[in-house]
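A short write-up of the structure that comes next.
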Amino acid sequence: MFLIKNVAFFLAKQEPVSANILVVEGWLESSALSQAYAEFRTGHYDLVITTGGPEAKNFTDQFDSYAEQAAYQLTLLGLSAKRLKVIPTPASAQDRTYLSAVMVRKFIESSPIRDEMKGINVFSGDVHSRRTQFLYQQAFLALPMPIGIISASPEEFSLGHWWQTSVGAKRVLVELIGWIYAHCCFDLPVVSSHQEMWGTINETENLR
């Protein structure tokens with residue numbers, strides 16, 4: 001019973017590191033993006049990177065990706081465009097969080113900012129955060145650096161009583177399965193291989 005009651009706290013991992021880049025997962029809801037902006041203001045970051053692709057949830061047709069949508073909302077909160085980098089994630093059939101991490105790594109590898117890197121903190125959504133950190137760490141094995149994680153506080157349910165609401169129960173159970181799958185079944189692809197970005201629409205169509 002103790003494990004069941006505390007599984008949400010386990011999944012909603014908080015482990016920030018000393019970092020000068022804040023990565024914000026673009027699919028986050030407005031309240032979580034406000035928390036991410038507050039983290040930027042107090043965390044002494046040089047740059048905010050927004051990620052995300054063209055998935056359907058919480059997405060509007062005003063933008064081509066979650067990365068752009070989140071960037072827009074962060075600028076409305078007061079974030080300067082000079083401190084912001086938008087890195088859209090291609091549509092993919094594989095784990096989108098991992099692919100987002102790969103896109104961030106590729107940007108850093110080809111950017112002068114690489115020489116100034118101290119570390120990265122990824123701002124994720126409550127019980128999704130532990131899986132997010134793991135997948136980012138896997139993607140950055142080719143470019144070792146500290147990868148921290150910051151979890152947004154949920155508004156729709158309580159981490160301590162997640163089973164008492166349908167949204168809490170669904171989110172926690174789905175994320176628990178996702179975390180288990182990432183650890184037992186995720187096959188880390190070779191860096192810069194086709195498999196590292198497998199499932200993108202164009203590549204999939206070319207293989208048919």
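FYI, nothing fancy with the structure tokens labels: chains A, B, ... in order, residues from 1 per chain, ligands from 1 as they appear.
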> Which of segment 24-130 of chain A counts as strand (DSSP E) under DSSP, as a ChimeraX atom specification please?
Replying inline: /A:24-25,47-52,84-88,120-125
Keeping C-alpha atoms, export the residues of the selection given above as a compact mmCIF listing (two decimals), in the first residue's frame.
```txt
# COMPACT_ATOMS: atom_id res chain seq x y z
CA VAL A 24 10.76 22.97 -21.81
CA GLU A 25 8.56 20.21 -23.20
CA LEU A 47 18.79 29.89 -22.88
CA VAL A 48 15.37 28.26 -22.96
CA ILE A 49 14.74 25.54 -25.56
CA THR A 50 11.19 24.49 -26.40
CA THR A 51 10.57 21.09 -27.95
CA GLY A 52 7.66 19.11 -29.37
CA LEU A 84 14.71 31.38 -26.67
CA LYS A 85 15.43 28.60 -29.16
CA VAL A 86 12.59 26.67 -30.80
CA ILE A 87 13.46 23.09 -31.78
CA PRO A 88 10.46 21.30 -33.32
CA ILE A 120 20.65 20.96 -18.91
CA ASN A 121 17.52 20.98 -16.81
CA VAL A 122 14.43 19.59 -18.53
CA PHE A 123 11.07 20.94 -17.40
CA SER A 124 8.47 18.22 -17.76
CA GLY A 125 4.93 17.43 -16.69
```
Report the closest atom pair, with its distance in Å rounded to one decimal, for each residue of segment 10-100 of chain A that has an atom no farther than 10 Å from segment 178-197 of chain A; count only C-alpha atoms, sort by chain and then rising residue number, and write it as a tab-separated table.
```
residue	atom	partner	partner_atom	distance
A:Leu11	CA	A:Trp179	CA	8.2
A:Pro90	CA	A:Met197	CA	8.7
A:Ala91	CA	A:Met197	CA	9.8
A:Ser92	CA	A:Met197	CA	7.7
A:Ala93	CA	A:Met197	CA	9.2
A:Gln94	CA	A:Met197	CA	7.9
A:Asp95	CA	A:Phe186	CA	8.9
A:Arg96	CA	A:Met197	CA	9.7
A:Tyr98	CA	A:Glu196	CA	9.0
A:Leu99	CA	A:Met197	CA	6.5
A:Ser100	CA	A:Met197	CA	9.8
```
Requested write-out: all heavy atoms of the selected residues, as an mmCIF file, in the first residue's frame:
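Output file again_34.cif follows:
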```
data_model
loop_
_atom_site.group_PDB
_atom_site.id
_atom_site.type_symbol
_atom_site.label_atom_id
_atom_site.label_comp_id
_atom_site.auth_asym_id
_atom_site.auth_seq_id
_atom_site.Cartn_x
_atom_site.Cartn_y
_atom_site.Cartn_z
ATOM 1 N N LEU A 11 7.328 8.957 -9.739
ATOM 2 C CA LEU A 11 7.330 9.309 -11.159
ATOM 3 C C LEU A 11 7.567 10.795 -11.379
ATOM 4 O O LEU A 11 8.191 11.189 -12.361
ATOM 5 C CB LEU A 11 6.003 8.895 -11.797
ATOM 6 C CG LEU A 11 5.722 7.386 -11.854
ATOM 7 C CD1 LEU A 11 4.296 7.133 -12.320
ATOM 8 C CD2 LEU A 11 6.720 6.686 -12.769
ATOM 9 N N PRO A 90 10.232 16.241 -35.330
ATOM 10 C CA PRO A 90 9.487 15.683 -36.470
ATOM 11 C C PRO A 90 8.392 14.728 -35.999
ATOM 12 O O PRO A 90 8.503 14.115 -34.935
ATOM 13 C CB PRO A 90 10.571 14.929 -37.252
ATOM 14 C CG PRO A 90 11.866 15.495 -36.784
ATOM 15 C CD PRO A 90 11.659 15.906 -35.363
ATOM 16 N N ALA A 91 7.344 14.614 -36.780
ATOM 17 C CA ALA A 91 6.327 13.599 -36.508
ATOM 18 C C ALA A 91 6.987 12.227 -36.568
ATOM 19 O O ALA A 91 7.744 11.934 -37.485
ATOM 20 C CB ALA A 91 5.206 13.694 -37.535
ATOM 21 N N SER A 92 6.730 11.406 -35.563
ATOM 22 C CA SER A 92 7.441 10.141 -35.466
ATOM 23 C C SER A 92 6.585 9.079 -34.823
ATOM 24 O O SER A 92 5.708 9.368 -34.010
ATOM 25 C CB SER A 92 8.727 10.323 -34.654
ATOM 26 O OG SER A 92 9.379 9.096 -34.445
ATOM 27 N N ALA A 93 6.873 7.824 -35.167
ATOM 28 C CA ALA A 93 6.162 6.704 -34.568
ATOM 29 C C ALA A 93 6.860 6.204 -33.317
ATOM 30 O O ALA A 93 6.319 5.372 -32.599
ATOM 31 C CB ALA A 93 6.067 5.563 -35.580
ATOM 32 N N GLN A 94 8.059 6.688 -33.042
ATOM 33 C CA GLN A 94 8.788 6.205 -31.877
ATOM 34 C C GLN A 94 8.534 7.105 -30.682
ATOM 35 O O GLN A 94 7.672 7.981 -30.717
ATOM 36 C CB GLN A 94 10.272 6.136 -32.176
ATOM 37 C CG GLN A 94 10.962 7.495 -32.284
ATOM 38 C CD GLN A 94 12.478 7.369 -32.281
ATOM 39 O OE1 GLN A 94 13.007 6.284 -32.201
ATOM 40 N NE2 GLN A 94 13.159 8.478 -32.382
ATOM 41 N N ASP A 95 9.251 6.855 -29.599
ATOM 42 C CA ASP A 95 9.083 7.649 -28.390
ATOM 43 C C ASP A 95 9.415 9.102 -28.682
ATOM 44 O O ASP A 95 10.561 9.448 -28.966
ATOM 45 C CB ASP A 95 9.995 7.104 -27.280
ATOM 46 C CG ASP A 95 9.618 7.668 -25.927
ATOM 47 O OD1 ASP A 95 9.580 8.904 -25.799
ATOM 48 O OD2 ASP A 95 9.355 6.883 -25.012
ATOM 49 N N ARG A 96 8.415 9.961 -28.619
ATOM 50 C CA ARG A 96 8.602 11.357 -29.012
ATOM 51 C C ARG A 96 9.505 12.119 -28.050
ATOM 52 O O ARG A 96 10.196 13.055 -28.456
ATOM 53 C CB ARG A 96 7.234 12.031 -29.150
ATOM 54 C CG ARG A 96 6.402 11.459 -30.280
ATOM 55 C CD ARG A 96 5.094 12.195 -30.438
ATOM 56 N NE ARG A 96 4.196 11.969 -29.309
ATOM 57 C CZ ARG A 96 3.318 10.965 -29.248
ATOM 58 N NH1 ARG A 96 3.248 10.095 -30.242
ATOM 59 N NH2 ARG A 96 2.514 10.834 -28.217
ATOM 60 N N TYR A 98 12.150 10.875 -26.535
ATOM 61 C CA TYR A 98 13.515 10.533 -26.916
ATOM 62 C C TYR A 98 13.928 11.300 -28.170
ATOM 63 O O TYR A 98 15.035 11.850 -28.235
ATOM 64 C CB TYR A 98 13.651 9.032 -27.165
ATOM 65 C CG TYR A 98 15.024 8.638 -27.667
ATOM 66 C CD1 TYR A 98 16.103 8.574 -26.797
ATOM 67 C CD2 TYR A 98 15.237 8.362 -29.013
ATOM 68 C CE1 TYR A 98 17.366 8.237 -27.252
ATOM 69 C CE2 TYR A 98 16.496 8.025 -29.472
ATOM 70 C CZ TYR A 98 17.558 7.960 -28.593
ATOM 71 O OH TYR A 98 18.805 7.647 -29.057
ATOM 72 N N LEU A 99 13.052 11.365 -29.151
ATOM 73 C CA LEU A 99 13.385 12.074 -30.378
ATOM 74 C C LEU A 99 13.579 13.568 -30.111
ATOM 75 O O LEU A 99 14.455 14.201 -30.689
ATOM 76 C CB LEU A 99 12.299 11.854 -31.430
ATOM 77 C CG LEU A 99 12.550 12.489 -32.799
ATOM 78 C CD1 LEU A 99 13.905 12.088 -33.361
ATOM 79 C CD2 LEU A 99 11.442 12.119 -33.771
ATOM 80 N N SER A 100 12.781 14.137 -29.210
ATOM 81 C CA SER A 100 12.977 15.539 -28.835
ATOM 82 C C SER A 100 14.363 15.734 -28.236
ATOM 83 O O SER A 100 15.053 16.720 -28.533
ATOM 84 C CB SER A 100 11.912 15.978 -27.823
ATOM 85 O OG SER A 100 10.634 16.027 -28.414
#
```
> If we count only C-alpha atoms, what is near Lys118 of chain A at a cut-off of 12 Å, once residues fewer than 2 positions away on the same chain are taken out, given as a ChimeraX atom specification?
Replying inline: /A:17-22,44-47,108,113-116,120-121,144-148
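Secondary structure of segment 86-152 of chain A, alpha helix (DSSP H) only (DSSP, backbone atoms): Arg96, Thr97, Tyr98, Leu99, Ser100, Ala101, Val102, Met103, Val104, Arg105, Lys106, Phe107, Ile108, Glu109, Ser129, Arg130, Arg131, Thr132, Gln133, Phe134, Leu135, Tyr136, Gln137, Gln138 and Ala139 of chain A.
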Expected file contents, prior selection, N, CA, C and O atoms, as a short mmCIF file (atom, residue, chain, number, x, y, z; two decimals), in the first residue's frame:
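As a result, part.cif now contains:
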```
data_model
loop_
_atom_site.label_atom_id
_atom_site.label_comp_id
_atom_site.auth_asym_id
_atom_site.auth_seq_id
_atom_site.Cartn_x
_atom_site.Cartn_y
_atom_site.Cartn_z
N ARG A 96 8.42 9.96 -28.62
CA ARG A 96 8.60 11.36 -29.01
C ARG A 96 9.50 12.12 -28.05
O ARG A 96 10.20 13.05 -28.46
N THR A 97 9.50 11.72 -26.78
CA THR A 97 10.38 12.38 -25.83
C THR A 97 11.84 12.10 -26.17
O THR A 97 12.68 13.01 -26.14
N TYR A 98 12.15 10.88 -26.53
CA TYR A 98 13.51 10.53 -26.92
C TYR A 98 13.93 11.30 -28.17
O TYR A 98 15.03 11.85 -28.24
N LEU A 99 13.05 11.36 -29.15
CA LEU A 99 13.38 12.07 -30.38
C LEU A 99 13.58 13.57 -30.11
O LEU A 99 14.45 14.20 -30.69
N SER A 100 12.78 14.14 -29.21
CA SER A 100 12.98 15.54 -28.83
C SER A 100 14.36 15.73 -28.24
O SER A 100 15.05 16.72 -28.53
N ALA A 101 14.78 14.80 -27.40
CA ALA A 101 16.11 14.88 -26.79
C ALA A 101 17.21 14.78 -27.85
O ALA A 101 18.22 15.49 -27.78
N VAL A 102 17.00 13.92 -28.83
CA VAL A 102 17.98 13.80 -29.93
C VAL A 102 18.09 15.11 -30.70
O VAL A 102 19.19 15.56 -31.04
N MET A 103 16.95 15.76 -30.96
CA MET A 103 16.97 17.03 -31.68
C MET A 103 17.70 18.11 -30.88
O MET A 103 18.43 18.93 -31.44
N VAL A 104 17.50 18.12 -29.56
CA VAL A 104 18.22 19.08 -28.71
C VAL A 104 19.72 18.80 -28.75
O VAL A 104 20.54 19.71 -28.87
N ARG A 105 20.08 17.53 -28.66
CA ARG A 105 21.50 17.17 -28.71
C ARG A 105 22.14 17.58 -30.03
O ARG A 105 23.25 18.12 -30.06
N LYS A 106 21.43 17.34 -31.14
CA LYS A 106 21.97 17.71 -32.44
C LYS A 106 22.19 19.23 -32.54
O LYS A 106 23.18 19.69 -33.13
N PHE A 107 21.26 19.99 -31.98
CA PHE A 107 21.42 21.45 -31.98
C PHE A 107 22.67 21.85 -31.19
O PHE A 107 23.47 22.67 -31.66
N ILE A 108 22.84 21.29 -30.02
CA ILE A 108 23.99 21.64 -29.18
C ILE A 108 25.29 21.22 -29.84
O ILE A 108 26.29 21.96 -29.81
N GLU A 109 25.30 20.05 -30.47
CA GLU A 109 26.52 19.56 -31.11
C GLU A 109 27.01 20.50 -32.21
O GLU A 109 28.22 20.63 -32.43
N SER A 129 7.96 13.09 -15.63
CA SER A 129 9.32 13.62 -15.53
C SER A 129 10.40 12.55 -15.36
O SER A 129 11.49 12.68 -15.92
N ARG A 130 10.14 11.50 -14.60
CA ARG A 130 11.19 10.48 -14.42
C ARG A 130 11.53 9.81 -15.75
O ARG A 130 12.69 9.57 -16.06
N ARG A 131 10.52 9.49 -16.53
CA ARG A 131 10.77 8.88 -17.85
C ARG A 131 11.48 9.87 -18.76
O ARG A 131 12.38 9.49 -19.53
N THR A 132 11.10 11.14 -18.70
CA THR A 132 11.75 12.16 -19.51
C THR A 132 13.24 12.23 -19.22
O THR A 132 14.07 12.25 -20.15
N GLN A 133 13.62 12.28 -17.96
CA GLN A 133 15.04 12.37 -17.62
C GLN A 133 15.80 11.16 -18.13
O GLN A 133 16.90 11.28 -18.69
N PHE A 134 15.24 9.98 -17.97
CA PHE A 134 15.90 8.76 -18.43
C PHE A 134 16.15 8.80 -19.93
O PHE A 134 17.26 8.49 -20.40
N LEU A 135 15.14 9.20 -20.71
CA LEU A 135 15.29 9.22 -22.16
C LEU A 135 16.27 10.31 -22.62
O LEU A 135 17.02 10.12 -23.58
N TYR A 136 16.28 11.45 -21.94
CA TYR A 136 17.26 12.48 -22.25
C TYR A 136 18.68 11.99 -21.94
O TYR A 136 19.62 12.23 -22.71
N GLN A 137 18.83 11.31 -20.84
CA GLN A 137 20.15 10.77 -20.49
C GLN A 137 20.62 9.76 -21.54
O GLN A 137 21.80 9.73 -21.89
N GLN A 138 19.70 8.96 -22.05
CA GLN A 138 20.05 8.01 -23.10
C GLN A 138 20.46 8.73 -24.39
O GLN A 138 21.43 8.37 -25.04
N ALA A 139 19.72 9.75 -24.75
CA ALA A 139 20.01 10.48 -25.98
C ALA A 139 21.33 11.23 -25.89
O ALA A 139 21.99 11.47 -26.91
#
```
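Going from atom CA of Ala12 of chain A to atom CA of Thr89 of chain A covers 23.3 Å.
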